[in-house]
file model_1.cif (mmCIF, C-alpha atoms and all ligand atoms)
data_data
loop_
_atom_site.label_atom_id
_atom_site.label_comp_id
_atom_site.auth_asym_id
_atom_site.auth_seq_id
_atom_site.Cartn_x
_atom_site.Cartn_y
_atom_site.Cartn_z
CA GLN A 1317 -30.60 6.20 -1.64
CA ARG A 1318 -27.52 8.04 -0.37
CA LEU A 1319 -29.18 8.36 3.00
CA ALA A 1320 -29.80 4.64 3.06
CA ASN A 1321 -26.10 4.21 2.33
CA GLN A 1322 -25.17 6.39 5.26
CA ILE A 1323 -27.38 4.42 7.60
CA ALA A 1324 -25.90 1.19 6.28
CA ALA A 1325 -22.47 2.75 6.68
CA GLY A 1326 -23.02 2.70 10.42
CA GLU A 1327 -23.07 -1.07 10.27
CA VAL A 1328 -20.10 -1.58 8.01
CA VAL A 1329 -17.95 1.48 8.58
CA GLU A 1330 -17.36 1.89 12.26
CA ARG A 1331 -13.82 3.20 12.01
CA PRO A 1332 -10.83 3.37 9.64
CA ALA A 1333 -9.94 -0.26 10.37
CA SER A 1334 -13.34 -1.42 9.10
CA VAL A 1335 -12.70 0.41 5.83
CA VAL A 1336 -9.32 -1.29 5.48
CA LYS A 1337 -10.88 -4.67 6.18
CA GLU A 1338 -13.64 -4.33 3.58
CA VAL A 1339 -11.41 -2.89 0.87
CA LEU A 1340 -8.63 -5.41 1.49
CA GLU A 1341 -11.11 -8.26 1.31
CA ASN A 1342 -12.34 -6.95 -2.03
CA SER A 1343 -8.77 -7.05 -3.31
CA LEU A 1344 -8.43 -10.66 -2.20
CA ASP A 1345 -11.80 -11.47 -3.80
CA ALA A 1346 -10.39 -9.99 -7.01
CA GLY A 1347 -7.58 -12.54 -6.92
CA ALA A 1348 -4.80 -10.07 -6.15
CA SER A 1349 -1.36 -11.51 -5.46
CA ARG A 1350 -0.11 -8.19 -4.18
CA VAL A 1351 -1.89 -5.56 -2.08
CA ASP A 1352 -0.32 -2.35 -0.81
CA VAL A 1353 -2.00 -0.42 1.97
CA GLU A 1354 -1.09 3.14 2.77
CA VAL A 1355 -2.71 5.20 5.51
CA GLU A 1356 -2.26 8.63 7.01
CA GLN A 1357 -3.24 9.88 10.45
CA GLY A 1358 -4.57 6.57 11.63
CA GLY A 1359 -6.59 6.23 8.43
CA THR A 1360 -8.77 9.26 9.14
CA LYS A 1361 -7.04 11.44 6.57
CA LEU A 1362 -6.22 8.83 3.96
CA ILE A 1363 -6.59 5.14 3.25
CA ARG A 1364 -5.21 4.01 -0.10
CA ILE A 1365 -5.28 0.37 -1.12
CA ARG A 1366 -3.85 -0.79 -4.42
CA ASP A 1367 -4.08 -4.31 -5.76
CA ASN A 1368 -3.08 -6.22 -8.88
CA GLY A 1369 -6.33 -8.17 -9.09
CA VAL A 1370 -8.62 -8.62 -12.08
CA GLY A 1371 -9.76 -5.00 -12.10
CA ILE A 1372 -13.16 -3.52 -12.86
CA TYR A 1373 -14.59 -2.74 -16.29
CA ARG A 1374 -15.25 0.90 -17.05
CA ASP A 1375 -18.98 0.26 -17.25
CA ASP A 1376 -19.01 -1.45 -13.85
CA LEU A 1377 -17.19 1.26 -11.92
CA ALA A 1378 -20.26 3.28 -10.94
CA LEU A 1379 -22.14 0.06 -10.25
CA ALA A 1380 -19.47 -1.05 -7.79
CA LEU A 1381 -20.35 2.01 -5.69
CA SER A 1382 -24.08 1.43 -5.68
CA ARG A 1383 -25.80 -0.46 -2.98
CA HIS A 1384 -26.72 -4.14 -3.34
CA ALA A 1385 -25.98 -4.02 -7.03
CA THR A 1386 -23.42 -6.74 -6.72
CA SER A 1387 -24.55 -9.03 -3.95
CA LYS A 1388 -23.04 -12.39 -4.61
CA ILE A 1389 -25.78 -14.34 -2.88
CA VAL A 1390 -28.29 -15.44 -5.46
CA ASP A 1391 -30.18 -17.87 -3.34
CA LEU A 1392 -30.25 -19.15 0.19
CA ASN A 1393 -28.41 -22.33 -0.70
CA ASP A 1394 -25.38 -20.18 -1.38
CA LEU A 1395 -25.20 -19.46 2.32
CA GLU A 1396 -24.25 -23.07 2.82
CA GLN A 1397 -20.97 -22.87 0.99
CA ILE A 1398 -19.71 -19.35 1.06
CA ASN A 1399 -16.06 -19.26 0.26
CA SER A 1400 -15.80 -15.77 -1.06
CA LEU A 1401 -15.14 -13.28 1.72
CA GLY A 1402 -17.64 -10.59 0.85
CA PHE A 1403 -21.27 -11.16 0.11
CA ARG A 1404 -23.28 -8.15 1.15
CA GLY A 1405 -22.55 -5.94 -1.84
CA GLU A 1406 -22.64 -2.69 0.04
CA ALA A 1407 -19.26 -1.94 1.53
CA LEU A 1408 -18.04 0.49 -1.13
CA ALA A 1409 -21.41 2.26 -1.28
CA SER A 1410 -21.40 2.69 2.48
CA ILE A 1411 -17.81 3.88 2.65
CA SER A 1412 -18.32 6.36 -0.18
CA SER A 1413 -21.31 7.88 1.61
CA VAL A 1414 -19.14 8.92 4.57
CA SER A 1415 -15.89 9.89 2.83
CA ARG A 1416 -14.36 11.20 -0.39
CA LEU A 1417 -13.80 8.01 -2.32
CA THR A 1418 -11.93 7.50 -5.56
CA LEU A 1419 -12.02 4.17 -7.34
CA THR A 1420 -9.51 3.64 -10.11
CA SER A 1421 -9.16 0.43 -12.03
CA ARG A 1422 -7.92 -1.27 -15.12
CA ARG A 1423 -8.88 -4.70 -16.43
CA SER A 1424 -6.23 -6.84 -18.02
CA ASP A 1425 -8.62 -7.88 -20.77
CA ALA A 1426 -10.00 -4.42 -21.56
CA GLU A 1427 -9.03 -2.84 -24.84
CA ASP A 1428 -8.14 0.57 -23.45
CA GLU A 1429 -4.54 1.54 -22.88
CA ASN A 1430 -5.54 3.34 -19.71
CA GLY A 1431 -7.59 2.75 -16.60
CA TRP A 1432 -10.78 4.47 -15.50
CA GLN A 1433 -11.69 6.41 -12.44
CA VAL A 1434 -14.81 7.41 -10.58
CA ALA A 1435 -15.01 9.75 -7.59
CA VAL A 1436 -17.74 10.22 -5.00
CA ALA A 1437 -17.84 12.61 -2.07
CA GLY A 1438 -20.41 11.88 0.58
CA GLN A 1439 -23.88 12.74 -0.65
CA GLU A 1440 -22.66 14.03 -3.97
CA MET A 1441 -23.12 11.34 -6.54
CA THR A 1442 -21.20 13.01 -9.35
CA ALA A 1443 -20.08 9.63 -10.47
CA GLU A 1444 -18.57 10.60 -13.76
CA VAL A 1445 -16.12 8.11 -15.20
CA THR A 1446 -12.86 9.63 -16.44
CA PRO A 1447 -9.72 8.08 -17.91
CA ALA A 1448 -6.78 7.63 -15.54
CA ALA A 1449 -3.33 6.10 -15.65
CA HIS A 1450 -3.30 2.85 -13.72
CA PRO A 1451 -1.61 -0.55 -13.98
CA GLU A 1452 -3.77 -3.67 -14.13
CA GLY A 1453 -5.72 -3.91 -10.92
CA THR A 1454 -7.60 -1.55 -8.66
CA SER A 1455 -6.89 1.34 -6.32
CA VAL A 1456 -9.35 2.57 -3.75
CA GLU A 1457 -8.61 5.88 -2.10
CA VAL A 1458 -10.66 6.96 0.90
CA ARG A 1459 -10.03 10.49 2.15
CA ASP A 1460 -11.45 12.38 5.11
CA LEU A 1461 -13.46 9.56 6.60
CA PHE A 1462 -16.62 10.78 8.37
CA PHE A 1463 -16.09 14.35 7.13
CA ASN A 1464 -19.86 14.66 6.73
CA THR A 1465 -20.86 12.72 9.83
CA PRO A 1466 -19.26 14.63 12.74
CA ALA A 1467 -21.10 12.58 15.36
CA ARG A 1468 -19.38 9.45 14.14
CA LYS A 1469 -16.06 11.20 13.85
CA LYS A 1470 -16.24 12.13 17.52
CA PHE A 1471 -16.16 8.44 18.43
CA LEU A 1472 -12.75 7.93 16.87
CA ARG A 1473 -9.87 7.38 19.26
CA LYS A 1474 -6.43 8.88 18.99
CA GLU A 1475 -4.36 8.35 15.88
CA GLN A 1476 -2.15 5.56 17.25
CA THR A 1477 -5.15 3.61 18.55
CA GLU A 1478 -6.93 3.78 15.20
CA PHE A 1479 -3.72 2.79 13.44
CA ASN A 1480 -3.21 -0.19 15.77
CA ARG A 1481 -6.63 -1.46 14.77
CA ILE A 1482 -5.72 -1.14 11.11
CA ASP A 1483 -2.47 -2.96 11.81
CA GLU A 1484 -4.40 -5.78 13.47
CA VAL A 1485 -6.67 -6.12 10.43
CA VAL A 1486 -3.62 -6.35 8.17
CA ARG A 1487 -1.90 -8.85 10.49
CA ARG A 1488 -4.92 -11.12 10.56
CA ILE A 1489 -5.05 -11.18 6.79
CA ALA A 1490 -1.27 -11.52 6.46
CA LEU A 1491 -1.40 -14.59 8.71
CA SER A 1492 -4.04 -16.25 6.57
CA ARG A 1493 -2.82 -15.33 3.10
CA PHE A 1494 0.83 -16.29 2.90
CA ASP A 1495 0.44 -16.41 -0.88
CA VAL A 1496 -0.20 -12.66 -1.11
CA HIS A 1497 2.47 -9.97 -0.99
CA LEU A 1498 1.25 -7.38 1.53
CA SER A 1499 2.60 -4.05 2.61
CA LEU A 1500 1.44 -1.45 5.10
CA ARG A 1501 2.63 2.13 5.43
CA HIS A 1502 1.59 4.69 8.01
CA ASN A 1503 2.45 8.38 7.63
CA GLN A 1504 5.09 7.54 4.95
CA ARG A 1505 6.74 4.92 7.17
CA THR A 1506 6.83 1.25 6.18
CA VAL A 1507 5.29 -0.89 8.91
CA HIS A 1508 5.11 -4.22 7.05
CA GLN A 1509 6.68 -5.43 3.85
CA LEU A 1510 5.71 -9.07 3.52
CA HIS A 1511 6.74 -11.05 0.48
CA ALA A 1512 4.58 -13.91 -0.71
CA ALA A 1513 5.54 -17.10 1.11
CA SER A 1514 5.08 -20.64 -0.11
CA SER A 1515 7.63 -22.88 1.63
CA LEU A 1516 7.38 -23.58 5.36
CA GLN A 1517 10.60 -21.63 5.84
CA GLU A 1518 9.15 -18.58 4.07
CA LYS A 1519 5.98 -18.85 6.13
CA GLN A 1520 8.00 -19.01 9.33
CA ARG A 1521 9.79 -15.90 8.25
CA ARG A 1522 6.48 -14.09 7.93
CA ILE A 1523 5.40 -15.39 11.34
CA GLY A 1524 8.65 -14.01 12.76
CA LEU A 1525 8.04 -10.62 11.17
CA LEU A 1526 4.46 -10.44 12.42
CA CYS A 1527 4.71 -12.08 15.85
CA GLY A 1528 8.31 -11.25 16.67
CA PRO A 1529 11.46 -13.42 16.74
CA ALA A 1530 10.83 -14.46 20.36
CA PHE A 1531 7.53 -16.02 19.36
CA LEU A 1532 9.29 -18.24 16.81
CA GLU A 1533 12.08 -19.16 19.19
CA HIS A 1534 9.62 -20.61 21.64
CA ALA A 1535 7.17 -22.01 19.13
CA VAL A 1536 6.56 -25.57 18.01
CA HIS A 1537 5.41 -26.12 14.47
CA ILE A 1538 2.61 -28.62 14.20
CA ASP A 1539 0.76 -30.23 11.32
CA ILE A 1540 -1.65 -33.00 12.18
CA GLU A 1541 -4.37 -34.60 10.10
CA ALA A 1542 -7.08 -37.02 11.17
CA ALA A 1543 -10.65 -37.89 10.22
CA GLY A 1544 -10.78 -35.25 7.49
CA LEU A 1545 -9.57 -32.51 9.83
CA ARG A 1546 -6.22 -30.79 9.63
CA LEU A 1547 -4.59 -28.60 12.26
CA TRP A 1548 -1.36 -26.82 11.50
CA GLY A 1549 0.53 -23.79 12.66
CA TRP A 1550 2.61 -22.71 15.61
CA VAL A 1551 2.05 -22.97 19.35
CA CYS A 1552 4.30 -21.30 21.89
CA LEU A 1553 5.71 -23.04 24.92
CA PRO A 1554 5.24 -21.31 28.28
CA THR A 1555 8.92 -20.33 28.12
CA PHE A 1556 7.70 -17.57 25.81
CA SER A 1557 6.82 -14.58 27.92
CA ARG A 1558 4.84 -12.16 25.93
CA SER A 1559 5.77 -8.53 25.72
CA GLN A 1560 2.87 -7.86 23.40
CA PRO A 1561 -0.81 -8.33 24.14
CA ASP A 1562 -2.61 -11.51 23.18
CA GLN A 1563 -1.08 -13.31 20.28
CA GLN A 1564 -3.84 -15.78 19.73
CA TYR A 1565 -4.81 -16.36 16.15
CA PHE A 1566 -7.11 -19.18 15.18
CA TYR A 1567 -8.33 -19.66 11.62
CA VAL A 1568 -11.06 -21.96 10.38
CA ASN A 1569 -10.80 -22.52 6.65
CA GLY A 1570 -8.83 -19.30 6.32
CA ARG A 1571 -11.19 -17.17 8.37
CA VAL A 1572 -10.08 -15.79 11.71
CA ILE A 1573 -12.48 -16.71 14.51
CA ARG A 1574 -12.99 -16.51 18.25
CA ASP A 1575 -14.76 -19.49 19.66
CA LYS A 1576 -15.35 -20.78 23.18
CA LEU A 1577 -15.05 -24.40 22.16
CA VAL A 1578 -11.72 -23.76 20.45
CA SER A 1579 -10.33 -21.73 23.37
CA HIS A 1580 -11.42 -24.43 25.76
CA ALA A 1581 -9.72 -27.22 23.83
CA ILE A 1582 -6.48 -25.23 23.57
CA LYS A 1583 -6.46 -24.23 27.23
CA GLN A 1584 -7.14 -27.77 28.32
CA ALA A 1585 -4.29 -29.16 26.24
CA TYR A 1586 -1.88 -26.60 27.71
CA ARG A 1587 -3.07 -27.22 31.23
CA ASP A 1588 -2.79 -30.96 30.83
CA VAL A 1589 0.72 -31.05 29.43
CA LEU A 1590 2.35 -27.96 30.84
CA TYR A 1591 2.12 -25.90 33.94
CA GLY A 1592 -1.21 -24.39 33.10
CA GLY A 1593 -2.49 -21.07 34.24
CA ARG A 1594 -0.62 -19.11 31.59
CA HIS A 1595 -2.12 -17.44 28.59
CA PRO A 1596 -0.87 -19.38 25.56
CA ALA A 1597 0.28 -17.71 22.33
CA PHE A 1598 -0.47 -19.41 19.03
CA VAL A 1599 -1.17 -19.10 15.32
CA LEU A 1600 -3.27 -22.08 14.29
CA TYR A 1601 -5.17 -23.15 11.21
CA LEU A 1602 -8.00 -25.64 11.26
CA GLU A 1603 -9.07 -26.97 7.89
CA LEU A 1604 -12.20 -29.02 7.42
CA ASP A 1605 -15.02 -29.70 5.01
CA PRO A 1606 -16.96 -26.38 4.71
CA ALA A 1607 -20.20 -28.33 5.12
CA LEU A 1608 -19.15 -29.21 8.67
CA VAL A 1609 -18.99 -25.62 9.83
CA ASP A 1610 -21.48 -22.77 9.78
CA VAL A 1611 -19.72 -19.44 9.28
CA ASN A 1612 -22.80 -17.22 9.18
CA VAL A 1613 -23.63 -17.15 12.86
CA HIS A 1614 -22.64 -13.54 13.31
CA PRO A 1615 -22.58 -10.66 10.81
CA THR A 1616 -18.98 -9.74 11.59
CA LYS A 1617 -18.15 -13.33 10.77
CA HIS A 1618 -15.80 -13.94 13.70
CA GLU A 1619 -17.98 -16.70 15.04
CA VAL A 1620 -18.59 -20.17 13.72
CA ARG A 1621 -20.68 -23.14 14.67
CA PHE A 1622 -19.28 -26.59 14.17
CA ARG A 1623 -21.75 -29.25 13.17
CA ASP A 1624 -19.95 -31.81 15.31
CA GLN A 1625 -18.59 -29.89 18.27
CA ARG A 1626 -17.28 -32.91 20.11
CA LEU A 1627 -15.31 -34.14 17.10
CA VAL A 1628 -13.63 -30.75 16.67
CA HIS A 1629 -12.93 -30.28 20.36
CA ASP A 1630 -11.39 -33.73 20.72
CA PHE A 1631 -9.32 -33.34 17.59
CA LEU A 1632 -7.94 -29.98 18.73
CA PHE A 1633 -7.24 -31.23 22.23
CA ARG A 1634 -5.53 -34.41 21.11
CA SER A 1635 -3.45 -32.73 18.40
CA LEU A 1636 -2.18 -29.99 20.69
CA HIS A 1637 -1.68 -32.41 23.54
CA LYS A 1638 0.51 -34.57 21.37
CA ALA A 1639 2.47 -31.66 19.91
CA LEU A 1640 3.15 -30.14 23.32
CA ALA A 1641 3.89 -33.46 25.06
CA ASP A 1642 6.48 -34.28 22.38
CA VAL A 1643 8.54 -31.23 23.32
CA ARG A 1644 7.78 -31.03 27.02
CA PRO A 1645 10.78 -29.34 28.61
P1 LIG B 1701 -19.15 -6.96 -2.26
O1 LIG B 1701 -17.67 -7.15 -2.11
O2 LIG B 1701 -19.87 -7.44 -1.07
O3 LIG B 1701 -19.69 -7.44 -3.57
P2 LIG B 1701 -18.43 -4.21 -2.22
O4 LIG B 1701 -19.19 -2.96 -2.03
O5 LIG B 1701 -17.34 -4.49 -1.25
O6 LIG B 1701 -19.44 -5.39 -2.24
O7 LIG B 1701 -17.84 -4.21 -3.68
C1 LIG B 1701 -18.71 -4.04 -4.76
C2 LIG B 1701 -18.20 -4.68 -6.03
O8 LIG B 1701 -17.15 -3.90 -6.59
C3 LIG B 1701 -17.61 -6.05 -5.87
O9 LIG B 1701 -18.59 -7.05 -5.91
C4 LIG B 1701 -16.67 -6.15 -7.05
O10 LIG B 1701 -17.40 -6.53 -8.21
C5 LIG B 1701 -16.22 -4.74 -7.23
N1 LIG B 1701 -14.92 -4.53 -6.60
C6 LIG B 1701 -14.69 -3.89 -5.43
N2 LIG B 1701 -13.37 -3.85 -5.14
C7 LIG B 1701 -12.75 -4.49 -6.15
C8 LIG B 1701 -11.38 -4.79 -6.44
N3 LIG B 1701 -10.38 -4.41 -5.62
N4 LIG B 1701 -11.11 -5.44 -7.60
C9 LIG B 1701 -12.10 -5.81 -8.43
N5 LIG B 1701 -13.41 -5.58 -8.21
C10 LIG B 1701 -13.73 -4.93 -7.08
MG MG B 1702 -16.71 -6.38 -0.41
#
call {"tool": "encode", "arguments": {"input": "model_1.cif", "output": "structure tokens", "more": "lines below"}}
Ligand code: ADP
Ligand code: MG
result
Amino acid sequence: QRLANQIAAGEVVERPASVVKEVLENSLDAGASRVDVEVEQGGTKLIRIRDNGVGIYRDDLALALSRHATSKIVDLNDLEQINSLGFRGEALASISSVSRLTLTSRRSDAEDENGWQVAVAGQEMTAEVTPAAHPEGTSVEVRDLFFNTPARKKFLRKEQTEFNRIDEVVRRIALSRFDVHLSLRHNQRTVHQLHAASSLQEKQRRIGLLCGPAFLEHAVHIDIEAAGLRLWGWVCLPTFSRSQPDQQYFYVNGRVIRDKLVSHAIKQAYRDVLYGGRHPAFVLYLELDPALVDVNVHPTKHEVRFRDQRLVHDFLFRSLHKALADVRP
């Protein structure tokens, strides 16, 4: 069983950033309104994620670390309307098979005054549950990632590169969950401290913190709705010259995606209205009926397939065209 976990770990746990992604998504699944992420040495030494979500019952702690015990898919029809982020039920099991993992949690509705903790180190399933001090919510601590799989460890890049990937995971989530307070620390240094944002002004502030003040200065805010589709967010005018690499974030129903059709529609709108040729920067959110989009095309879930591609393409093109034409310099 543990071996099976390690093999599965290859699929889920490629590097520290994949651990952060899975654990952070669990926190969001648990309804957390605040998640604090702390990492050391690019996440290879330590990844600690604490949330204030619903928590885990004492009796479910060991179960949470066992493979497939918790898969949320009960039948194939569920695939049609998956809203919850995780559905494979194996991330924690996989991570724990290639690290020293401690899971500590406390339910708000449990009778105990304290929380409970379970620790697993690689192959050793000494999953004994012990009492531990913890506020309502869950902490996952992952130490010494790949300590027992040296071959995998060799594939890790240098500390800053691994950290940058973690940072990108956190940014992507921060840009889609304005309602959640998020923080990120690396080697005791605060990298992000993002308060929950509800008003447009607060959201813009978060955009400024994540994409830089220059991005905001050159950005147009858009919010257009038609035929059951809504596109909102920020697009930068070509006056914005990027110092950072690609700042292109596109979300479909809260999920970040990369899609040829989407890129094409955006590029075409830019080319049509503006000078063209440049690489646009944007943070955009497309919202539509979940039945009109298939999110299970690819296991990493960065791809989607729209039922009506033409409708989506035209909507994106027209919306952006209008927004950009309105402010044409
Ligand atoms: P999945 O999320 O696909 O179900 P995971 O291995 O990621 O599988 O998590 C296993 C289970 O552990 C979850 O289904 C959930 O019940 C529980 N769990 C994990 N993290 C948390 C958390 N932060 N808060 C509450 N429950 C959690
Ligand atoms: Mg999960």
call {"tool": "closest_residue", "arguments": {"input": "model_1.cif", "among": "A:Thr1418, A:Thr1360, A:Asn1430, A:Gln1563", "to": "Arg1488 of chain A", "atoms": "only C-alpha atoms"}}
result
A:Gln1563
call {"tool": "residues_around", "arguments": {"input": "model_1.cif", "residues": "Arg1522 of chain A", "least_positions_apart": "3", "cutoff": "8 Å", "atoms": "all atoms listed in the file", "output": "MDAnalysis selection string"}}
result
chainID A and resid 1491 1494 1510 1513 1518:1519 1525:1526
call {"tool": "atom_distance", "arguments": {"input": "model_1.cif", "atom1": "atom CA of Val1578 of chain A", "atom2": "atom CA of Cys1552 of chain A"}}
result
16.3 Å
call {"tool": "residues_around", "arguments": {"input": "model_1.cif", "residues": "Asp1460 of chain A", "least_positions_apart": "2", "cutoff": "7 Å", "atoms": "all atoms listed in the file", "output": "ChimeraX atom specification"}}
result
/A:1360-1362,1415-1416,1458,1462-1463
call {"tool": "atom_distance", "arguments": {"input": "model_1.cif", "atom1": "atom CA of Asn1368 of chain A", "atom2": "atom CA of Val1445 of chain A"}}
result
20.4 Å
call {"tool": "atom_distance", "arguments": {"input": "model_1.cif", "atom1": "atom CA of Ser1499 of chain A", "atom2": "atom CA of Leu1340 of chain A"}}
result
11.4 Å
call {"tool": "residues_around", "arguments": {"input": "model_1.cif", "residues": "segment 1377-1383 of chain A", "least_positions_apart": "3", "cutoff": "6 Å", "atoms": "only C-alpha atoms", "output": "list in words"}}
result
Arg1374, Glu1406, Leu1408 and Ala1409 of chain A
call {"tool": "write_last_selection", "arguments": {"input": "model_1.cif", "atoms": "C-alpha atoms", "output": "compact mmCIF listing (two decimals), in the coordinates of the input"}}
result
# COMPACT_ATOMS: atom_id res chain seq x y z
CA ARG A 1374 -15.25 0.90 -17.05
CA GLU A 1406 -22.64 -2.69 0.04
CA LEU A 1408 -18.04 0.49 -1.13
CA ALA A 1409 -21.41 2.26 -1.28
call {"tool": "closest_residue", "arguments": {"input": "model_1.cif", "among": "A:Glu1444, A:Glu1341, A:Asp1575, A:Glu1475", "to": "His1618 of chain A", "atoms": "all atoms listed in the file"}}
result
A:Asp1575
call {"tool": "closest_residue", "arguments": {"input": "model_1.cif", "among": "A:Glu1354, A:Asp1428, A:Asp1562, A:Glu1457", "to": "ligand LIG 1701 (chain B)", "atoms": "only C-alpha atoms and all ligand atoms"}}
result
A:Glu1457
call {"tool": "closest_residue", "arguments": {"input": "model_1.cif", "among": "A:Ser1343, A:Ser1334, A:Gln1476, A:Ser1514", "to": "Ala1407 of chain A", "atoms": "only C-alpha atoms"}}
result
A:Ser1334
call {"tool": "closest_residue", "arguments": {"input": "model_1.cif", "among": "A:Ser1492, A:Thr1555, A:Thr1465, A:Thr1477", "to": "His1534 of chain A", "atoms": "only C-alpha atoms"}}
result
A:Thr1555
